[in-house]
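Reviewing the structure listed below.
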Amino acid sequence: MHMTADAREVSQTASGAAATRDIYLPSERKKISGGGTPHVVAKDFSIYYGEFEAVKKVNADILSKYVTAIIGPSGCGKSTYLRAINRMNDLIPSCHTTGALLFDGEDIYGKFTDEVLLRKKIGMVFQKPNPFPKSIFDNIAYGPRLHGINDRKQLAEIVERSLRKAALWDEVSDRLDKNALGLSGGQQQRLCVARTLAVEPEILLLDEPTSALDPKATAKIEDLIQELRGSYTIMIVTHNMQQASRVSDYTMFFYEGVLVEYAPTAQLFTNPKDRMTEDYITGRFS
Amino acid sequence: MNLGTRKILDRSFTAVGFGSIAVMGIALLIVLVPIITNGIGSVFFTGTIEHRNMLFNEFGRGNREELAKENAASEVYRKQIYGMLSAFEAELETMDSEKKQDYLSKYGPVKTALQTLIGPLPGEAEAILTRYKYGQTRWGKAEEKLHEFLYETRWDNSNPDAMAKEYFVSQATEFEGTSLVKLFPFVEEHLEDVLRPRFTVYWGFLTDSSVDSHIFGGIWPEIQGTFFLAVGAMLFAFPLGVIAAIYFTEYAREGFFNSILRSANSTLAGVPSIVFGLFGLAFFINTLKVSESKSVLAGSLTLAIMILPTIIRAAEEAILSVPKTYKEASLSLGSTKWNTIMTVILPAALPGIITGGVISLGRAAGETAPIIFTAAVSVGSAIGLADVFSSPTPALSWNIYNLASEHEAAAEIRHVQYGMVLALVSIVLMLNLSAILLRARISKKLKG
Ligand SMILES: Nc1ncnc2c1ncn2[C@@H]1O[C@H](COP(=O)(O)OP(=O)(O)OP(=O)(O)O)[C@@H](O)[C@H]1O
Ligand SMILES: [Mg+2]
């Protein structure tokens, strides 16, 4: 069953019938002009680790320029699904997929897809901040350099722009040549966001980007996501229900590899259609 | 297990652990102290005028005028000794032939001992071997030789049930009643005036070639040979090893072929080095004919094969210890695998790779067996860089063995052997130390 969490069509369960209803956007969330087209489309998309089906026949459209949160209990396949989108799962030899996952209409797992080019357009920020053991400048410039930009001035511009977008510029502008590992955890994570933004991706995948951070740093990252909303298609995996409701426009709930419910965030949290979703968000299991 | 037994076990283990560390420390001391003290003695020692003359004649070092003055001062006493000898020889002519024969047979060894002590006596044909052109160059040795000159060693075989006992007979008593009897106290008293011992610092020991197979001179050819062989081995083994490690860790798919390769690598690391030596001879020299016979090239290749497994393993471990997150970060930015390896993984693995490399370098420098058949000669001069493809070379490890076991005058030049050992130990130690420092520096740079 195909799930599209857009204004017209929202399905209740992975297997249940799709119901058409009006989307509810929280009052403070503005509709994004030019957004809302299907950016990543899953069609009967399954992911296996060897024999084990970690993500089961997902059908879903991720809408461009909006923030989509992925929630669900540990081990339900959130990371697996997210990492499938920029083919980071390729690193795991036993991992393979069936069905189709389309990015701008192109099959991500197509025979002729260049995964290197794909990853340039679909950036990822990981659970644990993972800056390179290089200077702050070199961290940000790493991607642009890879893609052929070597002019120092141009690089400096990109570094500044990316750091500003990641709301880190003011804190590090005077020590760009210092090793990035000297930054605090929260700063490192924003650096990782900046590093990803420096290659100008279209999609940002965030896998529990704040789980290793303190509340203050978490708030900064959440603010950052709000800033970036509308410019990038953002997908964020989180265990924090409040966070999902704060930052996302749409929420996907996974359970044991199945996409149980996918709906506008406000709707999913206030009026879940599935018992399991309800149990999960009310904290009856986790 | 109750608390009491646990405590006793803990205590006894602590005792055993402490004991084994103490034993190791003592063993290290027992090994290192003589190496260091004797080894240092090859550079710092009390040298005689013979040493200074040797340096001047063989290496052209020293001040001509000063040396001439010194020789003149020494000559005053030598003249007296020579005088006594010719007086005795004249006296011999006056004796009846039986007595003369008797004295002559005793006189020969005395002359030889004297010659060993203070150098060639006048009126003799010039020696061909350099070692016979000089007396004792080191005062310590001179004192030993003085004893041999003054006393004749005899063995007491009277008790057939016990080992023969050594005892000394004064030479002077043998010549009682002749003019030669004065010679012995004179030499004993004036040896310092003849040999003029003086504290000497002989850095040339490290930078000079040897003269007359290590009787005099230094060990530069050995040091250089060791350097050539070890660096040559690294030149082959290091890049190859790192590439192999990259293949194993990043490219190889788990499978039959790969596991065979891995176990082959582990097995190779445990093969005795003499086997590599024979392999080197059979493969590089006899089969591939990289050189006519022994050469630095063949030796380096053999050593390279020997250290390759260690380098591969060290590099593999270093690469595997690079956090996976670096790789993920790089790939997620649209980097290719190759680029990720070159710009992220290898730099982060560098400290470990370098440590493995330098430790292997130390091993290559210290091994004897692999170069016996492929590269080492016991005596030779330093070779030029251009000759490494065709010439064999002396090397510390091999020459230490050679001096200890095969050299015809091994007992006379223990100090050279100790000097070589100390040089080799220092080189290996320095390499390891530099590895530690380099590693610390790179790690610090990586950690920020
Ligand atoms: N490399 C792997 N090999 C085999 N199975 C894996 C691998 N990685 C994950 N799995 C399995 O796939 C399932 C989904 O894992 P995944 O990491 O996607 O869960 P998750 O929802 O991200 O969990 P968490 O919230 O704990 O991060 C789990 O059952 C997990 O055991
Ligand atoms: Mg996860």
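So you can find residues: chains in the structure tokens are A, B, ... in the order shown, residues in each start at 1, and ligands are numbered from 1 in order.
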
Can you work out which residues are within 12 Å of ligand 1, considering only C-alpha atoms and all ligand atoms, and then hand them over as a ChimeraX atom specification?
/A:46-56,70-84,88-96,126-128,206-209,211,236-240,252-259,286

Can those selected residues be exported to a file as a tab-separated table (two decimals), in the first residue's frame so that it contains C-alpha atoms?
```
chain	number	residue	atom	x	y	z
A	46	SER	CA	12.51	-4.08	1.62
A	47	ILE	CA	15.95	-4.25	3.14
A	48	TYR	CA	17.58	-7.48	4.20
A	49	TYR	CA	20.59	-8.35	6.32
A	50	GLY	CA	21.26	-11.74	4.81
A	51	GLU	CA	17.99	-13.60	5.30
A	52	PHE	CA	16.66	-11.19	7.88
A	53	GLU	CA	14.19	-8.63	6.55
A	54	ALA	CA	14.93	-5.53	8.61
A	55	VAL	CA	12.66	-3.19	6.66
A	56	LYS	CA	9.53	-4.68	5.17
A	70	ILE	CA	11.21	8.67	11.81
A	71	ILE	CA	10.26	7.21	15.17
A	72	GLY	CA	9.88	3.72	16.53
A	73	PRO	CA	11.30	1.38	19.11
A	74	SER	CA	14.93	0.34	19.06
A	75	GLY	CA	15.75	-2.16	16.34
A	76	CYS	CA	12.68	-1.42	14.26
A	77	GLY	CA	14.71	-0.48	11.21
A	78	LYS	CA	14.83	3.31	11.36
A	79	SER	CA	18.54	3.58	10.75
A	80	THR	CA	18.46	0.84	8.19
A	81	TYR	CA	15.81	2.69	6.22
A	82	LEU	CA	17.57	6.03	6.52
A	83	ARG	CA	20.95	4.62	5.51
A	84	ALA	CA	19.37	2.94	2.54
A	88	MET	CA	25.46	3.76	3.32
A	89	ASN	CA	24.25	0.21	3.77
A	90	ASP	CA	26.57	-0.73	0.93
A	91	LEU	CA	29.26	-0.90	3.60
A	92	ILE	CA	27.56	-3.96	5.06
A	93	PRO	CA	28.26	-6.85	2.71
A	94	SER	CA	25.22	-8.90	3.76
A	95	CYS	CA	22.80	-6.05	3.15
A	96	HIS	CA	20.61	-6.09	0.06
A	126	PHE	CA	25.38	10.49	12.18
A	127	GLN	CA	24.40	9.70	15.73
A	128	LYS	CA	27.84	10.30	17.14
A	206	LEU	CA	20.00	12.90	10.36
A	207	ASP	CA	20.28	9.69	12.39
A	208	GLU	CA	19.61	10.54	16.03
A	209	PRO	CA	21.78	13.64	15.68
A	211	SER	CA	21.29	11.52	21.20
A	236	ILE	CA	15.52	12.82	11.09
A	237	VAL	CA	15.54	9.64	13.13
A	238	THR	CA	14.83	10.29	16.78
A	239	HIS	CA	13.89	8.48	19.96
A	240	ASN	CA	12.65	11.69	21.42
A	252	MET	CA	6.84	7.96	10.14
A	253	PHE	CA	6.32	5.32	12.79
A	254	PHE	CA	8.15	2.05	12.23
A	255	TYR	CA	7.55	-1.12	14.15
A	256	GLU	CA	9.55	-4.30	13.55
A	257	GLY	CA	10.51	-3.18	10.09
A	258	VAL	CA	6.99	-2.23	9.08
A	259	LEU	CA	5.98	1.34	8.38
A	286	SER	CA	9.30	1.55	23.74
```

Once you count only C-alpha atoms, which residues of chain A turn out to be within 6 Å of chain B? Could you give them as a ChimeraX atom specification?
/A:116,119-120,123-124,130,133,143,179,181-182

Could those selected residues go to a file with N, CA and C atoms, as a short mmCIF file (atom, residue, chain, number, x, y, z; two decimals), in the first residue's frame?
```cif
data_model
loop_
_atom_site.label_atom_id
_atom_site.label_comp_id
_atom_site.auth_asym_id
_atom_site.auth_seq_id
_atom_site.Cartn_x
_atom_site.Cartn_y
_atom_site.Cartn_z
N VAL A 116 28.40 7.41 -5.54
CA VAL A 116 29.22 8.53 -5.07
C VAL A 116 28.50 9.85 -5.37
N ARG A 119 25.48 10.24 -3.06
CA ARG A 119 25.78 10.65 -1.69
C ARG A 119 26.12 12.14 -1.62
N LYS A 120 26.60 12.65 -2.74
CA LYS A 120 26.86 14.09 -2.78
C LYS A 120 25.54 14.86 -2.66
N GLY A 123 23.09 14.09 1.78
CA GLY A 123 24.08 14.13 2.86
C GLY A 123 23.55 13.46 4.11
N MET A 124 24.49 13.09 4.99
CA MET A 124 24.07 12.38 6.20
C MET A 124 24.85 12.89 7.41
N ASN A 130 31.13 12.90 14.13
CA ASN A 130 32.32 12.22 13.62
C ASN A 130 33.18 13.13 12.75
N PRO A 133 39.88 13.97 12.04
CA PRO A 133 40.93 14.54 12.89
C PRO A 133 41.75 15.56 12.10
N GLY A 143 34.63 18.06 1.59
CA GLY A 143 33.70 17.72 0.52
C GLY A 143 33.93 18.54 -0.74
N ASN A 179 42.23 21.90 15.45
CA ASN A 179 41.69 20.57 15.21
C ASN A 179 40.23 20.49 15.66
N LEU A 181 38.54 18.09 16.63
CA LEU A 181 38.26 17.23 17.78
C LEU A 181 38.33 18.00 19.09
N GLY A 182 38.83 19.24 19.03
CA GLY A 182 38.88 20.06 20.23
C GLY A 182 37.55 20.74 20.53
#
```

Could you pull out the helix (DSSP H, G or I) residues of range 67-179 of chain B from DSSP and send them as a compact mmCIF listing (two decimals) with N, CA, C and O atoms, in the first residue's frame?
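Output (states.txt):
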```txt
# COMPACT_ATOMS: atom_id res chain seq x y z
N LEU B 67 103.57 14.24 17.10
CA LEU B 67 103.80 12.81 17.07
C LEU B 67 105.29 12.52 16.99
O LEU B 67 105.81 11.61 17.66
N ALA B 68 105.97 13.33 16.20
CA ALA B 68 107.42 13.14 16.06
C ALA B 68 108.11 13.34 17.41
O ALA B 68 108.98 12.57 17.81
N LYS B 69 107.64 14.37 18.13
CA LYS B 69 108.21 14.64 19.46
C LYS B 69 107.98 13.45 20.39
O LYS B 69 108.88 12.99 21.09
N GLU B 70 106.75 12.99 20.35
CA GLU B 70 106.41 11.86 21.22
C GLU B 70 107.24 10.64 20.89
O GLU B 70 107.75 9.94 21.77
N ASN B 71 107.36 10.39 19.58
CA ASN B 71 108.14 9.22 19.16
C ASN B 71 109.59 9.35 19.61
O ASN B 71 110.21 8.36 20.00
N ALA B 72 110.08 10.59 19.53
CA ALA B 72 111.47 10.81 19.96
C ALA B 72 111.62 10.46 21.44
O ALA B 72 112.57 9.77 21.85
N ALA B 73 110.63 10.91 22.24
CA ALA B 73 110.68 10.63 23.68
C ALA B 73 110.61 9.13 23.94
O ALA B 73 111.32 8.59 24.81
N SER B 74 109.75 8.46 23.18
CA SER B 74 109.61 7.01 23.34
C SER B 74 110.88 6.30 22.90
O SER B 74 111.31 5.32 23.50
N GLU B 75 111.48 6.87 21.85
CA GLU B 75 112.66 6.24 21.25
C GLU B 75 113.82 6.14 22.26
O GLU B 75 114.59 5.18 22.24
N VAL B 76 113.87 7.14 23.16
CA VAL B 76 114.93 7.14 24.18
C VAL B 76 114.93 5.81 24.92
O VAL B 76 115.97 5.17 25.12
N TYR B 77 113.73 5.38 25.32
CA TYR B 77 113.63 4.13 26.08
C TYR B 77 113.73 2.91 25.19
O TYR B 77 114.31 1.90 25.54
N ARG B 78 113.15 3.03 24.00
CA ARG B 78 113.24 1.91 23.06
C ARG B 78 114.70 1.59 22.76
O ARG B 78 115.11 0.43 22.71
N LYS B 79 115.47 2.66 22.53
CA LYS B 79 116.90 2.48 22.22
C LYS B 79 117.56 1.61 23.28
O LYS B 79 118.33 0.71 22.98
N GLN B 80 117.23 1.91 24.54
CA GLN B 80 117.85 1.14 25.63
C GLN B 80 117.44 -0.32 25.54
O GLN B 80 118.25 -1.23 25.75
N ILE B 81 116.17 -0.53 25.23
CA ILE B 81 115.71 -1.91 25.09
C ILE B 81 116.44 -2.61 23.95
O ILE B 81 116.98 -3.70 24.10
N TYR B 82 116.49 -1.92 22.81
CA TYR B 82 117.17 -2.50 21.65
C TYR B 82 118.64 -2.79 21.99
O TYR B 82 119.21 -3.80 21.57
N GLY B 83 119.21 -1.85 22.78
CA GLY B 83 120.60 -2.02 23.20
C GLY B 83 120.80 -3.31 23.98
O GLY B 83 121.73 -4.08 23.73
N MET B 84 119.85 -3.55 24.90
CA MET B 84 119.95 -4.76 25.70
C MET B 84 119.85 -5.99 24.84
O MET B 84 120.57 -6.98 25.04
N LEU B 85 118.97 -5.91 23.85
CA LEU B 85 118.81 -7.06 22.96
C LEU B 85 120.09 -7.34 22.20
O LEU B 85 120.58 -8.47 22.15
N SER B 86 120.67 -6.26 21.61
CA SER B 86 121.87 -6.53 20.80
C SER B 86 123.03 -6.96 21.69
O SER B 86 123.85 -7.79 21.29
N ALA B 87 123.05 -6.45 22.94
CA ALA B 87 124.09 -6.88 23.87
C ALA B 87 123.97 -8.38 24.12
O ALA B 87 124.96 -9.12 24.10
N PHE B 88 122.72 -8.80 24.33
CA PHE B 88 122.51 -10.21 24.59
C PHE B 88 122.85 -11.07 23.37
O PHE B 88 123.45 -12.13 23.47
N GLU B 89 122.48 -10.53 22.21
CA GLU B 89 122.78 -11.28 20.99
C GLU B 89 124.28 -11.43 20.81
O GLU B 89 124.79 -12.48 20.38
N ALA B 90 125.01 -10.37 21.16
CA ALA B 90 126.47 -10.44 21.09
C ALA B 90 126.99 -11.48 22.09
O ALA B 90 127.87 -12.29 21.78
N GLU B 91 126.37 -11.47 23.27
CA GLU B 91 126.77 -12.41 24.31
C GLU B 91 126.55 -13.84 23.85
O GLU B 91 127.36 -14.73 24.10
N LEU B 92 125.44 -14.04 23.13
CA LEU B 92 125.12 -15.37 22.62
C LEU B 92 126.26 -15.92 21.77
O LEU B 92 126.61 -17.10 21.83
N GLU B 93 126.81 -15.03 20.95
CA GLU B 93 127.88 -15.45 20.04
C GLU B 93 129.08 -16.01 20.79
O GLU B 93 129.81 -16.85 20.28
N THR B 94 129.25 -15.52 22.01
CA THR B 94 130.43 -15.95 22.78
C THR B 94 130.19 -17.29 23.47
O THR B 94 131.10 -17.91 24.00
N SER B 97 128.06 -23.77 21.71
CA SER B 97 126.90 -23.94 20.84
C SER B 97 125.70 -24.57 21.56
O SER B 97 124.55 -24.22 21.29
N GLU B 98 125.96 -25.45 22.50
CA GLU B 98 124.84 -26.10 23.19
C GLU B 98 124.06 -25.08 24.03
O GLU B 98 122.83 -25.00 23.97
N LYS B 99 124.80 -24.30 24.77
CA LYS B 99 124.20 -23.27 25.61
C LYS B 99 123.48 -22.23 24.75
O LYS B 99 122.37 -21.78 25.06
N LYS B 100 124.15 -21.94 23.63
CA LYS B 100 123.57 -20.95 22.72
C LYS B 100 122.22 -21.44 22.20
O LYS B 100 121.23 -20.69 22.22
N GLN B 101 122.18 -22.69 21.79
CA GLN B 101 120.92 -23.26 21.30
C GLN B 101 119.83 -23.16 22.36
O GLN B 101 118.70 -22.77 22.08
N ASP B 102 120.22 -23.50 23.56
CA ASP B 102 119.28 -23.48 24.67
C ASP B 102 118.69 -22.09 24.87
O ASP B 102 117.47 -21.90 24.94
N TYR B 103 119.61 -21.09 24.93
CA TYR B 103 119.14 -19.72 25.14
C TYR B 103 118.35 -19.21 23.94
O TYR B 103 117.36 -18.49 24.09
N LEU B 104 118.82 -19.60 22.77
CA LEU B 104 118.16 -19.11 21.56
C LEU B 104 116.69 -19.53 21.53
O LEU B 104 115.81 -18.76 21.14
N SER B 105 116.46 -20.80 21.96
CA SER B 105 115.07 -21.28 21.93
C SER B 105 114.21 -20.53 22.95
O SER B 105 113.01 -20.40 22.79
N LYS B 106 114.82 -20.04 24.00
CA LYS B 106 114.05 -19.26 24.97
C LYS B 106 113.94 -17.80 24.53
O LYS B 106 112.98 -17.10 24.84
N TYR B 107 114.96 -17.36 23.82
CA TYR B 107 115.03 -15.96 23.41
C TYR B 107 113.97 -15.63 22.36
O TYR B 107 113.38 -14.55 22.36
N GLY B 108 113.71 -16.59 21.48
CA GLY B 108 112.72 -16.36 20.40
C GLY B 108 111.38 -15.88 20.94
O GLY B 108 110.91 -14.80 20.56
N PRO B 109 110.74 -16.66 21.84
CA PRO B 109 109.45 -16.22 22.38
C PRO B 109 109.54 -14.87 23.09
O PRO B 109 108.60 -14.07 23.00
N VAL B 110 110.62 -14.60 23.75
CA VAL B 110 110.76 -13.31 24.43
C VAL B 110 110.70 -12.18 23.43
O VAL B 110 110.02 -11.18 23.60
N LYS B 111 111.45 -12.39 22.33
CA LYS B 111 111.46 -11.36 21.29
C LYS B 111 110.07 -11.15 20.70
O LYS B 111 109.61 -10.02 20.48
N THR B 112 109.40 -12.27 20.46
CA THR B 112 108.05 -12.17 19.90
C THR B 112 107.12 -11.42 20.85
O THR B 112 106.36 -10.54 20.43
N ALA B 113 107.22 -11.77 22.13
CA ALA B 113 106.35 -11.12 23.11
C ALA B 113 106.65 -9.63 23.18
O ALA B 113 105.74 -8.80 23.28
N LEU B 114 107.92 -9.31 23.11
CA LEU B 114 108.31 -7.90 23.15
C LEU B 114 107.77 -7.16 21.93
O LEU B 114 107.27 -6.04 22.01
N GLN B 115 107.89 -7.81 20.82
CA GLN B 115 107.41 -7.24 19.56
C GLN B 115 105.90 -6.98 19.61
O GLN B 115 105.42 -5.93 19.20
N THR B 116 105.19 -7.97 20.16
CA THR B 116 103.75 -7.80 20.32
C THR B 116 103.46 -6.59 21.20
O THR B 116 102.51 -5.85 20.97
N LEU B 117 104.32 -6.39 22.16
CA LEU B 117 104.09 -5.33 23.13
C LEU B 117 104.39 -3.94 22.57
O LEU B 117 103.56 -3.04 22.63
N ILE B 118 105.58 -3.79 22.01
CA ILE B 118 105.98 -2.43 21.64
C ILE B 118 106.17 -2.24 20.14
O ILE B 118 106.56 -1.17 19.69
N THR B 130 99.20 -5.56 8.56
CA THR B 130 99.27 -4.33 9.35
C THR B 130 99.36 -4.62 10.84
O THR B 130 99.95 -3.86 11.59
N ARG B 131 98.73 -5.70 11.27
CA ARG B 131 98.70 -5.97 12.70
C ARG B 131 100.10 -6.15 13.28
O ARG B 131 100.31 -5.91 14.45
N TYR B 132 101.07 -6.56 12.45
CA TYR B 132 102.43 -6.76 12.95
C TYR B 132 103.28 -5.49 12.84
O TYR B 132 104.44 -5.49 13.19
N LYS B 133 102.69 -4.44 12.30
CA LYS B 133 103.46 -3.21 12.16
C LYS B 133 103.41 -2.36 13.41
O LYS B 133 104.12 -1.37 13.52
N TRP B 139 96.15 0.54 26.08
CA TRP B 139 96.95 0.35 27.28
C TRP B 139 96.49 -0.88 28.07
O TRP B 139 97.31 -1.63 28.62
N GLY B 140 95.18 -1.10 28.10
CA GLY B 140 94.66 -2.26 28.83
C GLY B 140 95.25 -3.55 28.30
O GLY B 140 95.71 -4.42 29.05
N LYS B 141 95.25 -3.65 26.98
CA LYS B 141 95.81 -4.84 26.34
C LYS B 141 97.32 -4.90 26.60
O LYS B 141 97.90 -5.98 26.80
N ALA B 142 97.96 -3.74 26.55
CA ALA B 142 99.40 -3.70 26.75
C ALA B 142 99.78 -4.28 28.11
O ALA B 142 100.77 -5.02 28.23
N GLU B 143 98.97 -3.96 29.11
CA GLU B 143 99.27 -4.50 30.44
C GLU B 143 99.16 -6.03 30.47
O GLU B 143 99.96 -6.72 31.09
N GLU B 144 98.16 -6.53 29.74
CA GLU B 144 98.04 -7.99 29.63
C GLU B 144 99.27 -8.58 28.95
O GLU B 144 99.84 -9.59 29.38
N LYS B 145 99.67 -7.93 27.88
CA LYS B 145 100.80 -8.45 27.10
C LYS B 145 102.10 -8.35 27.89
O LYS B 145 103.02 -9.16 27.70
N LEU B 146 102.15 -7.34 28.75
CA LEU B 146 103.33 -7.19 29.59
C LEU B 146 103.49 -8.43 30.48
O LEU B 146 104.58 -8.98 30.63
N HIS B 147 102.39 -8.87 31.00
CA HIS B 147 102.41 -10.06 31.85
C HIS B 147 102.92 -11.26 31.06
O HIS B 147 103.74 -12.05 31.53
N GLU B 148 102.41 -11.37 29.84
CA GLU B 148 102.87 -12.50 29.01
C GLU B 148 104.34 -12.40 28.68
O GLU B 148 105.02 -13.40 28.46
N PHE B 149 104.81 -11.17 28.63
CA PHE B 149 106.22 -10.96 28.34
C PHE B 149 107.08 -11.31 29.55
O PHE B 149 108.14 -11.91 29.42
N LEU B 150 106.56 -10.98 30.72
CA LEU B 150 107.36 -11.17 31.94
C LEU B 150 107.33 -12.60 32.43
O LEU B 150 108.30 -13.09 33.01
N GLN B 171 110.23 -14.97 33.44
CA GLN B 171 111.21 -15.10 32.36
C GLN B 171 112.60 -14.70 32.84
O GLN B 171 113.59 -15.27 32.41
N ALA B 172 112.61 -13.74 33.75
CA ALA B 172 113.90 -13.22 34.21
C ALA B 172 114.75 -14.35 34.80
O ALA B 172 115.96 -14.42 34.54
N THR B 173 114.10 -15.24 35.55
CA THR B 173 114.88 -16.32 36.15
C THR B 173 115.47 -17.23 35.09
O THR B 173 116.53 -17.83 35.28
N GLU B 174 114.82 -17.34 33.94
CA GLU B 174 115.31 -18.20 32.86
C GLU B 174 116.63 -17.68 32.31
O GLU B 174 117.44 -18.44 31.77
N SER B 179 123.10 -11.06 30.26
CA SER B 179 122.84 -9.61 30.28
C SER B 179 121.36 -9.32 30.09
O SER B 179 120.88 -8.24 30.42
```

Can you list, as a ChimeraX atom specification, every protein, DNA or RNA residue that comes within 9 Å of range 297-308 of chain B when you count only C-alpha atoms, leaving out same-chain residues fewer than 5 positions away?
/B:228-238,240-241,265,268-269,271,273,276-277,279-281,284-285,289-291,313,357,360-361,363-365,367,370-376,388-392

Contacts of Asp223 in chain A at 10 Å (only C-alpha atoms; same-chain gap of 5+ positions) as a ChimeraX atom specification:
/A:166-167,217-218,228-229,246-247

Residues from the last selection, N, CA, C and O atoms, saved as a PDB file, in the first residue's frame:
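Result went into result00.pdb, see below:
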```
ATOM      1  N   ALA A 166      25.074  26.499   9.671  1.00  0.00           N
ATOM      2  CA  ALA A 166      25.008  25.555  10.784  1.00  0.00           C
ATOM      3  C   ALA A 166      25.084  26.269  12.128  1.00  0.00           C
ATOM      4  O   ALA A 166      25.250  25.619  13.159  1.00  0.00           O
ATOM      5  N   ALA A 167      24.998  27.600  12.092  1.00  0.00           N
ATOM      6  CA  ALA A 167      25.008  28.413  13.319  1.00  0.00           C
ATOM      7  C   ALA A 167      26.225  28.144  14.184  1.00  0.00           C
ATOM      8  O   ALA A 167      26.142  28.046  15.402  1.00  0.00           O
ATOM      9  N   ALA A 217      22.854  21.773  23.725  1.00  0.00           N
ATOM     10  CA  ALA A 217      23.347  21.494  22.376  1.00  0.00           C
ATOM     11  C   ALA A 217      22.218  20.943  21.515  1.00  0.00           C
ATOM     12  O   ALA A 217      22.113  21.248  20.328  1.00  0.00           O
ATOM     13  N   THR A 218      21.346  20.139  22.149  1.00  0.00           N
ATOM     14  CA  THR A 218      20.202  19.590  21.427  1.00  0.00           C
ATOM     15  C   THR A 218      19.309  20.710  20.901  1.00  0.00           C
ATOM     16  O   THR A 218      18.898  20.708  19.741  1.00  0.00           O
ATOM     17  N   LEU A 228      16.959  25.262   8.580  1.00  0.00           N
ATOM     18  CA  LEU A 228      17.223  24.606   7.299  1.00  0.00           C
ATOM     19  C   LEU A 228      15.938  24.131   6.613  1.00  0.00           C
ATOM     20  O   LEU A 228      15.922  23.849   5.425  1.00  0.00           O
ATOM     21  N   ARG A 229      14.897  24.043   7.384  1.00  0.00           N
ATOM     22  CA  ARG A 229      13.604  23.602   6.843  1.00  0.00           C
ATOM     23  C   ARG A 229      13.217  24.547   5.715  1.00  0.00           C
ATOM     24  O   ARG A 229      13.332  25.755   5.818  1.00  0.00           O
ATOM     25  N   ARG A 246       8.446  18.645  17.769  1.00  0.00           N
ATOM     26  CA  ARG A 246       8.933  20.020  17.668  1.00  0.00           C
ATOM     27  C   ARG A 246       9.457  20.344  16.278  1.00  0.00           C
ATOM     28  O   ARG A 246       9.209  21.416  15.746  1.00  0.00           O
ATOM     29  N   VAL A 247      10.226  19.429  15.691  1.00  0.00           N
ATOM     30  CA  VAL A 247      10.954  19.820  14.482  1.00  0.00           C
ATOM     31  C   VAL A 247      10.333  19.335  13.177  1.00  0.00           C
ATOM     32  O   VAL A 247      10.675  19.840  12.120  1.00  0.00           O
TER      33      VAL A 247
END
```

Atomic separation - CA of Leu146 in chain A relative to CA of Leu213 in chain A, Å
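Atom-to-atom, CA of Leu213 in chain A to CA of Leu146 in chain A, that is 29.2 Å.
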
Can you measure CA of Ala264 in chain B to CA of Ala244 in chain B for me? One decimal in Å is fine.
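CA of Ala244 in chain B lies at a distance of 12.8 Å from CA of Ala264 in chain B.
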
Might you pull out every residue within 12 Å of range 100-112 of chain A, with only C-alpha atoms counted and same-chain residues fewer than 6 positions away left off, and present them as a PyMOL selection string?
chain A and resi 37-47+57-64+81-90+118-119+121-122+202-203+233

Return as an NGL selection string the full set of residues in range 115-342 of chain B whose backbone-based DSSP assignment is strand (DSSP E or B).
:B and (138 or 151-156 or 165-170 or 198-201 or 210-211 or 216-217)

Give me the residues near Ile319 in chain B as a ChimeraX atom specification, where near means some atom within 8 Å (using only C-alpha atoms) and where sequence neighbours in that chain fewer than 4 positions away do not count.
/B:245-246,249,315,345-346,348-349

Pairwise distance for CA of Thr265 in chain A and CA of Ser245 in chain A, rounded to one decimal in Å
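If I compute the distance from CA of Thr265 in chain A to CA of Ser245 in chain A, I get 6.1 Å.
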